Amino acid sequence: MKGVVVKSTGSWYEVKAENGDILKVRLKGIFRLEETKDTNPIAVGDRVSVSSEDANNSWVIDEIEERENYIVRSSPKHKGARQILAANIDQALLIVTMGNPRTSTGFIDRFLLTAEAYHIPTVIIFNKQDLLDEKGKKKQEFVSKIYESIGYKTVFVSALRQLSDASKTSDNLAQVKALMKNKTSLIAGHSGVGKSTLMNAVQPHLHLRTEKISRITGKGMHTTTFAEMHELDFGGSVIDTPGIREFGIMDFKPEEISHYYMEMREVLNKCKFNNCLHEHEPGCAVKQAYQDGKISEERFSNYLNIMLEYKGNYKHWE
Ligand SMILES: Nc1nc2c(ncn2[C@@H]2O[C@H](COP(=O)(O)OP(=O)(O)OP(=O)(O)O)[C@@H](O)[C@H]2O)c(=O)[nH]1
Ligand SMILES: [Mg+2]
Ligand SMILES: [Zn+2]
């Protein structure tokens with residue numbers, strides 16, 4: 001029987017079968033390949049074939065269909081290993097907050113470039129509007145403009161308020177719903193930014209668990225512990241994921257990274273060297289574009305930081 005993986009704990013999975021049944025399944029030994037770089041051979045969103053192993057109604061995954069796409073990061077626990085966040089998705093919604101907790105542009109850029117590499121369109125959702133003071137609003141305007149000018153779509157919401165008072169700021173929630181309709185969306189972001197709260201506002205009967213951010217660290221409590229796919233009654237589905245502390249990029253050659261910066265891609269074929277890393281090379285069109293103000297200071301300095309870090313890691317992976 002065929003189905004889609006809707007929940008993954010690492011040791012067992014839930015598969016929604018074609019007939020609508022939710023099956024609790026295990027993985028056959030053959031998939032636990034030692035030589036794979038993946039920490040999780042099966043991810044939420046994977047299309048699989050399952051069969052019943054015995055009379056006890058226990059199910060196993062026999063086959064995984066080839067993925068249309070997926071999004072990965074380097075495993076925070078096992079250096080050099082990949083963690084697949086989700087597979088077969090139409091878009092990613094990156095939830096960010098300017099405070100409580102703070103999301104940096106470095107984090108945003110790491111996520112965006114990976115999504116770009118796997119051809120996954122991303123919308124940036126700025127949550128917790130109600131908590132922003134004047135300074136926070138200015139910061140948000142500055143950050144959102146950077147991404148809008150490159151071509152990324154942005155949305156501004158207060159998930160918590162929308163949860164309790166649908167009338168007040170519901171316009172933006174309607175915008176989020178319209179984005180999600182009839183698509184499979186991955187919801188990503190730091191712990192505590194309000195991913196699960198936003199899902200609850202979009203689809204009230206979900207009742208996903210949410211938790212206050214720590215008063216001591218100002219960070220989220222990693223409340224959602226497993227990725228899980230939920231269906232939307234207005235069409236489509238969402239994959240709520242555990243908060244990501246760091247988004248470690250993987251899988252590319254260092255000289256490829258700039259190809260996933262939308263605004264760099266337009267100029268990089270004009271660099272003097274075709275393997276230009278846009279660091280200190282002469283005749284670099286990317287650096288020129290930055291100096292001409294066509295690439296933002298934030299994006300370029302994040303790029304240089306990412307490159308520095310990535311080159312170091314890449315040496316070990318090769
Ligand atoms: N003031 C305010 N609080 C919010 C808003 N959205 C979410 N919160 C609160 O932020 C806290 C964290 O929300 P969650 O939805 O659990 O965050 P999460 O991103 O799912 O976190 P993890 O599951 O740990 O990754 C909760 O106390 C929410 O009530 C908002 O728009 N405004
Ligand atoms: Mg959550
Ligand atoms: Zn260059």
# chains A, B, ... in the order shown; residues from 1 in each chain; ligands from 1
$ residues_near_ligand --ligand "ligand 3" --cutoff "8 Å" --atoms "only C-alpha atoms and all ligand atoms" --output "PDB file with C-alpha atoms, in the first residue's frame"
ATOM      1  CA  LEU A 268      28.450  36.380 -11.124  1.00  0.00           C
ATOM      2  CA  LYS A 270      30.851  38.590 -15.143  1.00  0.00           C
ATOM      3  CA  CYS A 271      33.551  37.736 -12.595  1.00  0.00           C
ATOM      4  CA  LYS A 272      37.015  37.391 -14.105  1.00  0.00           C
ATOM      5  CA  PHE A 273      37.498  33.869 -12.724  1.00  0.00           C
ATOM      6  CA  ASN A 274      34.729  31.368 -13.161  1.00  0.00           C
ATOM      7  CA  ASN A 275      35.480  29.740  -9.802  1.00  0.00           C
ATOM      8  CA  CYS A 276      35.472  33.148  -8.097  1.00  0.00           C
ATOM      9  CA  LEU A 277      34.419  32.981  -4.436  1.00  0.00           C
ATOM     10  CA  HIS A 278      33.869  36.753  -4.391  1.00  0.00           C
ATOM     11  CA  GLU A 279      36.243  37.231  -1.505  1.00  0.00           C
ATOM     12  CA  GLU A 281      39.722  37.961  -6.203  1.00  0.00           C
ATOM     13  CA  PRO A 282      40.467  40.686  -8.728  1.00  0.00           C
ATOM     14  CA  GLY A 283      37.805  41.533 -11.304  1.00  0.00           C
ATOM     15  CA  CYS A 284      34.965  40.316  -9.093  1.00  0.00           C
ATOM     16  CA  ALA A 285      31.580  41.450 -10.396  1.00  0.00           C
ATOM     17  CA  VAL A 286      29.808  40.502  -7.162  1.00  0.00           C
ATOM     18  CA  LYS A 287      32.076  42.691  -5.069  1.00  0.00           C
TER      19      LYS A 287
END
$ residues_around --residues "Arg215 (chain A)" --least-positions-apart "3" --cutoff "12 Å" --atoms "only C-alpha atoms" --output "PyMOL selection string"
chain A and resi 100-101+192+211-212+218-221
$ atom_distance --atom1 "CA of Thr39 (chain A)" --atom2 "CA of Ile244 (chain A)"
15.5 Å
$ closest_residue --among "A:Arg245, A:His230, A:His78, A:Lys138" --to "Val44 (chain A)" --atoms "only C-alpha atoms"
A:His230
$ residues_near_ligand --ligand "ligand 2" --cutoff "6 Å" --atoms "only C-alpha atoms and all ligand atoms" --output "list in words"
Lys195, Ser196, Thr210, Thr223, Thr224 and Pro242 of chain A
$ write_last_selection --atoms "N, CA, C and O atoms" --output "PDB file, in the first residue's frame"
ATOM      1  N   LYS A 195       5.826  29.143  15.471  1.00  0.00           N
ATOM      2  CA  LYS A 195       5.421  28.297  14.340  1.00  0.00           C
ATOM      3  C   LYS A 195       4.131  27.554  14.654  1.00  0.00           C
ATOM      4  O   LYS A 195       3.181  27.583  13.875  1.00  0.00           O
ATOM      5  N   SER A 196       4.109  26.888  15.806  1.00  0.00           N
ATOM      6  CA  SER A 196       2.923  26.093  16.153  1.00  0.00           C
ATOM      7  C   SER A 196       1.735  27.005  16.451  1.00  0.00           C
ATOM      8  O   SER A 196       0.595  26.682  16.097  1.00  0.00           O
ATOM      9  N   THR A 210       2.153  24.554  22.432  1.00  0.00           N
ATOM     10  CA  THR A 210       3.038  25.727  22.358  1.00  0.00           C
ATOM     11  C   THR A 210       3.539  26.005  23.774  1.00  0.00           C
ATOM     12  O   THR A 210       2.964  25.506  24.744  1.00  0.00           O
ATOM     13  N   THR A 223       9.615  23.106  21.988  1.00  0.00           N
ATOM     14  CA  THR A 223       8.349  22.480  22.360  1.00  0.00           C
ATOM     15  C   THR A 223       7.921  21.422  21.337  1.00  0.00           C
ATOM     16  O   THR A 223       7.517  20.325  21.700  1.00  0.00           O
ATOM     17  N   THR A 224       7.987  21.778  20.072  1.00  0.00           N
ATOM     18  CA  THR A 224       7.693  20.789  19.028  1.00  0.00           C
ATOM     19  C   THR A 224       8.946  19.943  18.867  1.00  0.00           C
ATOM     20  O   THR A 224      10.016  20.478  18.613  1.00  0.00           O
ATOM     21  N   PRO A 242      10.388  21.100  14.487  1.00  0.00           N
ATOM     22  CA  PRO A 242      11.032  21.585  15.712  1.00  0.00           C
ATOM     23  C   PRO A 242      11.900  22.803  15.398  1.00  0.00           C
ATOM     24  O   PRO A 242      12.412  22.929  14.288  1.00  0.00           O
TER      25      PRO A 242
END
$ closest_atom_pairs --of "chain A" --to "ligand 1" --cutoff "10 Å" --atoms "only C-alpha atoms and all ligand atoms" --output "JSON lines"
{"residue": "A:Ile95", "atom": "CA", "partner": "ligand 1", "partner_atom_place_in_ligand_line": "19 (O)", "distance": 7.7}
{"residue": "A:Val96", "atom": "CA", "partner": "ligand 1", "partner_atom_place_in_ligand_line": "19 (O)", "distance": 9.0}
{"residue": "A:Thr97", "atom": "CA", "partner": "ligand 1", "partner_atom_place_in_ligand_line": "31 (O)", "distance": 9.0}
{"residue": "A:Asn100", "atom": "CA", "partner": "ligand 1", "partner_atom_place_in_ligand_line": "10 (O)", "distance": 7.8}
{"residue": "A:Pro101", "atom": "CA", "partner": "ligand 1", "partner_atom_place_in_ligand_line": "10 (O)", "distance": 8.8}
{"residue": "A:Phe126", "atom": "CA", "partner": "ligand 1", "partner_atom_place_in_ligand_line": "31 (O)", "distance": 9.0}
{"residue": "A:Asn127", "atom": "CA", "partner": "ligand 1", "partner_atom_place_in_ligand_line": "31 (O)", "distance": 5.3}
{"residue": "A:Lys128", "atom": "CA", "partner": "ligand 1", "partner_atom_place_in_ligand_line": "31 (O)", "distance": 3.4}
{"residue": "A:Gln129", "atom": "CA", "partner": "ligand 1", "partner_atom_place_in_ligand_line": "31 (O)", "distance": 6.1}
{"residue": "A:Asp130", "atom": "CA", "partner": "ligand 1", "partner_atom_place_in_ligand_line": "32 (N)", "distance": 5.7}
{"residue": "A:Leu131", "atom": "CA", "partner": "ligand 1", "partner_atom_place_in_ligand_line": "1 (N)", "distance": 5.5}
{"residue": "A:Leu132", "atom": "CA", "partner": "ligand 1", "partner_atom_place_in_ligand_line": "1 (N)", "distance": 9.1}
{"residue": "A:Phe156", "atom": "CA", "partner": "ligand 1", "partner_atom_place_in_ligand_line": "31 (O)", "distance": 9.5}
{"residue": "A:Val157", "atom": "CA", "partner": "ligand 1", "partner_atom_place_in_ligand_line": "31 (O)", "distance": 6.4}
{"residue": "A:Ser158", "atom": "CA", "partner": "ligand 1", "partner_atom_place_in_ligand_line": "31 (O)", "distance": 3.3}
{"residue": "A:Ala159", "atom": "CA", "partner": "ligand 1", "partner_atom_place_in_ligand_line": "31 (O)", "distance": 3.9}
{"residue": "A:Leu160", "atom": "CA", "partner": "ligand 1", "partner_atom_place_in_ligand_line": "30 (C)", "distance": 4.1}
{"residue": "A:Arg161", "atom": "CA", "partner": "ligand 1", "partner_atom_place_in_ligand_line": "31 (O)", "distance": 6.0}
{"residue": "A:Gln162", "atom": "CA", "partner": "ligand 1", "partner_atom_place_in_ligand_line": "31 (O)", "distance": 7.6}
{"residue": "A:Leu163", "atom": "CA", "partner": "ligand 1", "partner_atom_place_in_ligand_line": "31 (O)", "distance": 8.8}
{"residue": "A:Ile187", "atom": "CA", "partner": "ligand 1", "partner_atom_place_in_ligand_line": "19 (O)", "distance": 8.9}
{"residue": "A:Ala188", "atom": "CA", "partner": "ligand 1", "partner_atom_place_in_ligand_line": "19 (O)", "distance": 7.9}
{"residue": "A:Gly189", "atom": "CA", "partner": "ligand 1", "partner_atom_place_in_ligand_line": "19 (O)", "distance": 6.5}
{"residue": "A:His190", "atom": "CA", "partner": "ligand 1", "partner_atom_place_in_ligand_line": "25 (O)", "distance": 5.9}
{"residue": "A:Ser191", "atom": "CA", "partner": "ligand 1", "partner_atom_place_in_ligand_line": "25 (O)", "distance": 3.4}
{"residue": "A:Gly192", "atom": "CA", "partner": "ligand 1", "partner_atom_place_in_ligand_line": "17 (O)", "distance": 3.6}
{"residue": "A:Val193", "atom": "CA", "partner": "ligand 1", "partner_atom_place_in_ligand_line": "19 (O)", "distance": 4.1}
{"residue": "A:Gly194", "atom": "CA", "partner": "ligand 1", "partner_atom_place_in_ligand_line": "15 (O)", "distance": 3.4}
{"residue": "A:Lys195", "atom": "CA", "partner": "ligand 1", "partner_atom_place_in_ligand_line": "19 (O)", "distance": 3.7}
{"residue": "A:Ser196", "atom": "CA", "partner": "ligand 1", "partner_atom_place_in_ligand_line": "15 (O)", "distance": 3.8}
{"residue": "A:Thr197", "atom": "CA", "partner": "ligand 1", "partner_atom_place_in_ligand_line": "15 (O)", "distance": 3.7}
{"residue": "A:Leu198", "atom": "CA", "partner": "ligand 1", "partner_atom_place_in_ligand_line": "6 (N)", "distance": 6.5}
{"residue": "A:Met199", "atom": "CA", "partner": "ligand 1", "partner_atom_place_in_ligand_line": "15 (O)", "distance": 8.0}
{"residue": "A:Asn200", "atom": "CA", "partner": "ligand 1", "partner_atom_place_in_ligand_line": "15 (O)", "distance": 8.3}
{"residue": "A:Ala201", "atom": "CA", "partner": "ligand 1", "partner_atom_place_in_ligand_line": "6 (N)", "distance": 9.5}
{"residue": "A:Leu208", "atom": "CA", "partner": "ligand 1", "partner_atom_place_in_ligand_line": "15 (O)", "distance": 8.0}
{"residue": "A:Arg209", "atom": "CA", "partner": "ligand 1", "partner_atom_place_in_ligand_line": "16 (O)", "distance": 6.5}
{"residue": "A:Thr210", "atom": "CA", "partner": "ligand 1", "partner_atom_place_in_ligand_line": "16 (O)", "distance": 3.2}
{"residue": "A:Glu211", "atom": "CA", "partner": "ligand 1", "partner_atom_place_in_ligand_line": "16 (O)", "distance": 4.4}
{"residue": "A:Lys212", "atom": "CA", "partner": "ligand 1", "partner_atom_place_in_ligand_line": "27 (O)", "distance": 3.3}
{"residue": "A:Ile213", "atom": "CA", "partner": "ligand 1", "partner_atom_place_in_ligand_line": "11 (C)", "distance": 5.4}
{"residue": "A:Ser214", "atom": "CA", "partner": "ligand 1", "partner_atom_place_in_ligand_line": "11 (C)", "distance": 9.2}
{"residue": "A:Lys219", "atom": "CA", "partner": "ligand 1", "partner_atom_place_in_ligand_line": "24 (O)", "distance": 8.8}
{"residue": "A:Gly220", "atom": "CA", "partner": "ligand 1", "partner_atom_place_in_ligand_line": "24 (O)", "distance": 5.1}
{"residue": "A:Met221", "atom": "CA", "partner": "ligand 1", "partner_atom_place_in_ligand_line": "24 (O)", "distance": 5.0}
{"residue": "A:His222", "atom": "CA", "partner": "ligand 1", "partner_atom_place_in_ligand_line": "24 (O)", "distance": 3.2}
{"residue": "A:Thr223", "atom": "CA", "partner": "ligand 1", "partner_atom_place_in_ligand_line": "24 (O)", "distance": 3.8}
{"residue": "A:Thr224", "atom": "CA", "partner": "ligand 1", "partner_atom_place_in_ligand_line": "23 (O)", "distance": 3.6}
{"residue": "A:Thr225", "atom": "CA", "partner": "ligand 1", "partner_atom_place_in_ligand_line": "23 (O)", "distance": 6.8}
{"residue": "A:Phe226", "atom": "CA", "partner": "ligand 1", "partner_atom_place_in_ligand_line": "23 (O)", "distance": 8.9}
{"residue": "A:Ala227", "atom": "CA", "partner": "ligand 1", "partner_atom_place_in_ligand_line": "23 (O)", "distance": 9.7}
{"residue": "A:Asp240", "atom": "CA", "partner": "ligand 1", "partner_atom_place_in_ligand_line": "20 (O)", "distance": 7.7}
{"residue": "A:Thr241", "atom": "CA", "partner": "ligand 1", "partner_atom_place_in_ligand_line": "25 (O)", "distance": 6.7}
{"residue": "A:Pro242", "atom": "CA", "partner": "ligand 1", "partner_atom_place_in_ligand_line": "25 (O)", "distance": 4.4}
{"residue": "A:Gly243", "atom": "CA", "partner": "ligand 1", "partner_atom_place_in_ligand_line": "25 (O)", "distance": 3.2}
{"residue": "A:Ile244", "atom": "CA", "partner": "ligand 1", "partner_atom_place_in_ligand_line": "25 (O)", "distance": 7.0}
{"residue": "A:Arg245", "atom": "CA", "partner": "ligand 1", "partner_atom_place_in_ligand_line": "25 (O)", "distance": 9.1}
$ select_by_dssp --residues "region 54-110 of chain A" --states "strand (DSSP E or B)" --output "PyMOL selection string"
chain A and resi 59-64+70-74+82-87+91-96
$ select_by_dssp --residues "region 44-144 of chain A" --states "alpha helix (DSSP H)" --output "PyMOL selection string"
chain A and resi 105-117+134-144
$ atom_distance --atom1 "CA of Asp46 (chain A)" --atom2 "CA of Ile125 (chain A)"
25.3 Å
$ decode --residues "region 217-240 of chain A" --atoms "N, CA, C and O atoms" --output "PDB file, in the first residue's frame"
ATOM      1  N   THR A 217      16.807  32.676  29.258  1.00  0.00           N
ATOM      2  CA  THR A 217      17.651  32.746  28.050  1.00  0.00           C
ATOM      3  C   THR A 217      17.017  33.581  26.941  1.00  0.00           C
ATOM      4  O   THR A 217      17.691  33.970  25.998  1.00  0.00           O
ATOM      5  N   GLY A 218      15.715  33.872  27.058  1.00  0.00           N
ATOM      6  CA  GLY A 218      15.033  34.599  25.981  1.00  0.00           C
ATOM      7  C   GLY A 218      14.836  33.740  24.738  1.00  0.00           C
ATOM      8  O   GLY A 218      14.508  34.234  23.668  1.00  0.00           O
ATOM      9  N   LYS A 219      15.046  32.432  24.900  1.00  0.00           N
ATOM     10  CA  LYS A 219      14.913  31.534  23.752  1.00  0.00           C
ATOM     11  C   LYS A 219      13.747  30.572  23.931  1.00  0.00           C
ATOM     12  O   LYS A 219      13.227  30.410  25.031  1.00  0.00           O
ATOM     13  N   GLY A 220      13.377  29.923  22.839  1.00  0.00           N
ATOM     14  CA  GLY A 220      12.276  28.961  22.879  1.00  0.00           C
ATOM     15  C   GLY A 220      12.683  27.695  23.625  1.00  0.00           C
ATOM     16  O   GLY A 220      13.850  27.447  23.887  1.00  0.00           O
ATOM     17  N   MET A 221      11.670  26.900  23.962  1.00  0.00           N
ATOM     18  CA  MET A 221      11.892  25.707  24.796  1.00  0.00           C
ATOM     19  C   MET A 221      11.918  24.413  23.970  1.00  0.00           C
ATOM     20  O   MET A 221      11.843  23.329  24.521  1.00  0.00           O
ATOM     21  N   HIS A 222      11.998  24.537  22.675  1.00  0.00           N
ATOM     22  CA  HIS A 222      11.965  23.360  21.798  1.00  0.00           C
ATOM     23  C   HIS A 222      10.754  22.476  22.109  1.00  0.00           C
ATOM     24  O   HIS A 222      10.856  21.306  22.445  1.00  0.00           O
ATOM     25  N   THR A 223       9.615  23.106  21.988  1.00  0.00           N
ATOM     26  CA  THR A 223       8.349  22.480  22.360  1.00  0.00           C
ATOM     27  C   THR A 223       7.921  21.422  21.337  1.00  0.00           C
ATOM     28  O   THR A 223       7.517  20.325  21.700  1.00  0.00           O
ATOM     29  N   THR A 224       7.987  21.778  20.072  1.00  0.00           N
ATOM     30  CA  THR A 224       7.693  20.789  19.028  1.00  0.00           C
ATOM     31  C   THR A 224       8.946  19.943  18.867  1.00  0.00           C
ATOM     32  O   THR A 224      10.016  20.478  18.613  1.00  0.00           O
ATOM     33  N   THR A 225       8.807  18.628  19.063  1.00  0.00           N
ATOM     34  CA  THR A 225      10.017  17.804  19.054  1.00  0.00           C
ATOM     35  C   THR A 225      10.162  16.956  17.783  1.00  0.00           C
ATOM     36  O   THR A 225      11.249  16.491  17.487  1.00  0.00           O
ATOM     37  N   PHE A 226       9.065  16.767  17.067  1.00  0.00           N
ATOM     38  CA  PHE A 226       9.154  15.989  15.832  1.00  0.00           C
ATOM     39  C   PHE A 226       8.447  16.732  14.711  1.00  0.00           C
ATOM     40  O   PHE A 226       7.439  17.387  14.950  1.00  0.00           O
ATOM     41  N   ALA A 227       8.982  16.578  13.518  1.00  0.00           N
ATOM     42  CA  ALA A 227       8.287  17.146  12.365  1.00  0.00           C
ATOM     43  C   ALA A 227       6.986  16.382  12.152  1.00  0.00           C
ATOM     44  O   ALA A 227       6.948  15.171  12.302  1.00  0.00           O
ATOM     45  N   GLU A 228       5.932  17.112  11.842  1.00  0.00           N
ATOM     46  CA  GLU A 228       4.650  16.445  11.618  1.00  0.00           C
ATOM     47  C   GLU A 228       3.826  17.194  10.578  1.00  0.00           C
ATOM     48  O   GLU A 228       3.767  18.422  10.591  1.00  0.00           O
ATOM     49  N   MET A 229       3.234  16.427   9.691  1.00  0.00           N
ATOM     50  CA  MET A 229       2.408  17.025   8.639  1.00  0.00           C
ATOM     51  C   MET A 229       0.945  17.036   9.068  1.00  0.00           C
ATOM     52  O   MET A 229       0.441  16.059   9.609  1.00  0.00           O
ATOM     53  N   HIS A 230       0.300  18.176   8.839  1.00  0.00           N
ATOM     54  CA  HIS A 230      -1.121  18.307   9.180  1.00  0.00           C
ATOM     55  C   HIS A 230      -1.896  18.741   7.940  1.00  0.00           C
ATOM     56  O   HIS A 230      -1.417  19.580   7.179  1.00  0.00           O
ATOM     57  N   GLU A 231      -3.093  18.205   7.807  1.00  0.00           N
ATOM     58  CA  GLU A 231      -3.910  18.628   6.676  1.00  0.00           C
ATOM     59  C   GLU A 231      -4.687  19.878   7.023  1.00  0.00           C
ATOM     60  O   GLU A 231      -5.052  20.099   8.177  1.00  0.00           O
ATOM     61  N   LEU A 232      -4.923  20.708   6.016  1.00  0.00           N
ATOM     62  CA  LEU A 232      -5.680  21.942   6.208  1.00  0.00           C
ATOM     63  C   LEU A 232      -7.066  21.754   5.622  1.00  0.00           C
ATOM     64  O   LEU A 232      -7.193  21.237   4.503  1.00  0.00           O
ATOM     65  N   ASP A 233      -8.084  22.184   6.368  1.00  0.00           N
ATOM     66  CA  ASP A 233      -9.430  21.900   5.842  1.00  0.00           C
ATOM     67  C   ASP A 233      -9.789  22.792   4.655  1.00  0.00           C
ATOM     68  O   ASP A 233     -10.740  22.516   3.937  1.00  0.00           O
ATOM     69  N   PHE A 234      -8.993  23.850   4.418  1.00  0.00           N
ATOM     70  CA  PHE A 234      -9.247  24.670   3.229  1.00  0.00           C
ATOM     71  C   PHE A 234      -8.371  24.235   2.047  1.00  0.00           C
ATOM     72  O   PHE A 234      -8.286  24.901   1.026  1.00  0.00           O
ATOM     73  N   GLY A 235      -7.678  23.101   2.217  1.00  0.00           N
ATOM     74  CA  GLY A 235      -6.872  22.553   1.120  1.00  0.00           C
ATOM     75  C   GLY A 235      -5.393  22.743   1.348  1.00  0.00           C
ATOM     76  O   GLY A 235      -4.954  23.828   1.696  1.00  0.00           O
ATOM     77  N   GLY A 236      -4.644  21.651   1.171  1.00  0.00           N
ATOM     78  CA  GLY A 236      -3.198  21.727   1.374  1.00  0.00           C
ATOM     79  C   GLY A 236      -2.785  21.119   2.701  1.00  0.00           C
ATOM     80  O   GLY A 236      -3.626  20.604   3.450  1.00  0.00           O
ATOM     81  N   SER A 237      -1.503  21.162   2.969  1.00  0.00           N
ATOM     82  CA  SER A 237      -1.013  20.643   4.244  1.00  0.00           C
ATOM     83  C   SER A 237       0.216  21.418   4.685  1.00  0.00           C
ATOM     84  O   SER A 237       0.872  22.079   3.877  1.00  0.00           O
ATOM     85  N   VAL A 238       0.477  21.348   5.994  1.00  0.00           N
ATOM     86  CA  VAL A 238       1.643  22.042   6.552  1.00  0.00           C
ATOM     87  C   VAL A 238       2.483  21.048   7.324  1.00  0.00           C
ATOM     88  O   VAL A 238       1.971  20.107   7.924  1.00  0.00           O
ATOM     89  N   ILE A 239       3.768  21.291   7.322  1.00  0.00           N
ATOM     90  CA  ILE A 239       4.668  20.478   8.126  1.00  0.00           C
ATOM     91  C   ILE A 239       5.254  21.380   9.203  1.00  0.00           C
ATOM     92  O   ILE A 239       6.051  22.272   8.919  1.00  0.00           O
ATOM     93  N   ASP A 240       4.785  21.184  10.426  1.00  0.00           N
ATOM     94  CA  ASP A 240       5.330  21.930  11.567  1.00  0.00           C
ATOM     95  C   ASP A 240       6.619  21.215  11.963  1.00  0.00           C
ATOM     96  O   ASP A 240       6.663  19.982  12.008  1.00  0.00           O
TER      97      ASP A 240
END
